[in-house]
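Worksheet: one structure, shown below.
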Amino acid sequence: MAASILAGARRAASGIFRPLSVLASSTYGNCAKNVCLNSALLPSHFSHIQTPVVSSASQLVTSVRNLTCGHTTTVLNRVVPLVPSVLKMPVRTVTYCSTKKGKRKTVKAVIDRFLRLHSGLWLRRKAGYKKKLWKKTSARKRRLREMVFCNKTQSKMLDKMTTSFWRRRNWYVDDPYQKYHDRTNLKV
């Protein structure tokens, strides 16, 4: 088991750093430093890493920073801050405890992209309604402009990403969604 994890870490390290060797070879041309960089980025230099791939990102960064080979270290120092961002997983940006008042904060992207009805349902536009319109037919563009309901799982997640201020009932003059706010026989 440990051997397979180690092999996976080596493959990931070589896959991440392979484009760097191409970058350095195109930057420096055919010189001796190029050979030094290519040999320095071989997976055999990362054989001391014995942790899983997910937690080895910081060790990969430190091992790359320890490479010394003339001007190639400046190229690597410019690229090293980018390595952890490749390995990060996407997260919801919910602030549970703010720094000023210690309160939960709303994700502003939810407020911009979605509309909450008082019944607890959320409305959204269809995906791609403003992308590459030049090659879509007018019927397809009209279908994409329609508003659709989010499902139960998405509605619960969006409720968690907003505060009670955005979940309260609002009364607007000439609200086009007025007839949709109250639903009968609906379980949410």
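Each chain of the structure tokens is named A, B, ... in the order shown, its residues numbered from 1; ligands are numbered from 1 in display order.
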
Practice task
Identify, on the basis of only C-alpha atoms, every residue whose closest approach to segment 161-164 of chain A does not exceed 9 Å; exclude the query and any residue fewer than 5 positions from it along the same chain; express the result as a PyMOL selection string.
Solution key: chain A and resi 92-95+104-108+110-111+156

Would you save the residues from that selection as a CSV table (one decimal), in the first residue's frame, using N, CA, C and O atoms?
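Saved as part_10.csv:
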chain,number,residue,atom,x,y,z
A,92,ARG,N,-16.3,26.3,-0.8
A,92,ARG,CA,-17.3,27.3,-0.6
A,92,ARG,C,-16.7,28.4,0.2
A,92,ARG,O,-16.1,28.1,1.3
A,93,THR,N,-16.9,29.6,-0.1
A,93,THR,CA,-16.3,30.7,0.6
A,93,THR,C,-17.2,31.3,1.7
A,93,THR,O,-17.5,32.5,1.7
A,94,VAL,N,-17.7,30.4,2.5
A,94,VAL,CA,-18.6,30.9,3.6
A,94,VAL,C,-17.7,31.3,4.8
A,94,VAL,O,-16.8,30.5,5.2
A,95,THR,N,-17.9,32.5,5.3
A,95,THR,CA,-17.2,32.9,6.5
A,95,THR,C,-18.1,32.6,7.7
A,95,THR,O,-19.2,33.2,7.8
A,104,ARG,N,-21.6,35.3,11.1
A,104,ARG,CA,-21.6,34.6,9.8
A,104,ARG,C,-21.8,35.6,8.7
A,104,ARG,O,-22.6,36.5,8.8
A,105,LYS,N,-21.1,35.4,7.5
A,105,LYS,CA,-21.2,36.3,6.4
A,105,LYS,C,-21.8,35.6,5.2
A,105,LYS,O,-21.7,34.4,5.0
A,106,THR,N,-22.5,36.4,4.4
A,106,THR,CA,-23.1,35.9,3.2
A,106,THR,C,-22.1,35.8,2.0
A,106,THR,O,-21.3,36.7,1.9
A,107,VAL,N,-22.2,34.8,1.2
A,107,VAL,CA,-21.4,34.7,0.0
A,107,VAL,C,-22.1,35.6,-1.1
A,107,VAL,O,-23.2,35.3,-1.5
A,108,LYS,N,-21.4,36.6,-1.5
A,108,LYS,CA,-22.0,37.6,-2.4
A,108,LYS,C,-22.3,37.0,-3.8
A,108,LYS,O,-23.2,37.5,-4.5
A,110,VAL,N,-23.7,34.3,-4.4
A,110,VAL,CA,-25.1,33.7,-4.4
A,110,VAL,C,-26.1,34.7,-4.6
A,110,VAL,O,-27.1,34.6,-5.3
A,111,ILE,N,-25.9,35.9,-3.9
A,111,ILE,CA,-26.9,37.0,-4.1
A,111,ILE,C,-26.9,37.5,-5.5
A,111,ILE,O,-28.0,37.9,-6.0
A,156,LYS,N,-30.9,23.9,-0.2
A,156,LYS,CA,-30.4,23.8,1.2
A,156,LYS,C,-29.0,24.4,1.2
A,156,LYS,O,-28.6,25.1,2.2

Exercise for the section: Could you please write out, as JSON, numbers by chain, every residue of segment 94-186 of chain A that DSSP assigns to strand (DSSP E)? Expected result: {"A": [115, 116, 122, 123, 124, 125, 147, 148, 149]}

Practice task
Could you give me, as a list of chain:residue names, the residues within 12 Å of Gly120 of chain A, counting only C-alpha atoms and dropping anything in the same chain fewer than 5 positions from it?
Solution key: A:Leu115, A:Phe149, A:Cys150, A:Asn151, A:Lys152, A:Thr153, A:Gln154, A:Ser155, A:Lys156, A:Met157, A:Leu158, A:Asp159, A:Lys160, A:Trp166, A:Arg167, A:Arg168, A:Arg169, A:Tyr180, A:His181, A:Asp182, A:Arg183, A:Leu186, A:Lys187, A:Val188

Practice task
Please indicate the distance in Å from atom CA of Arg143 of chain A to atom CA of Tyr129 of chain A, rounded to one decimal place.
Solution key: 8.6 Å

Exercise for the section: Would you work out the distance separating atom CA of Leu121 of chain A from atom CA of Lys141 of chain A, expressed in Å to one decimal? Expected result: 24.3 Å
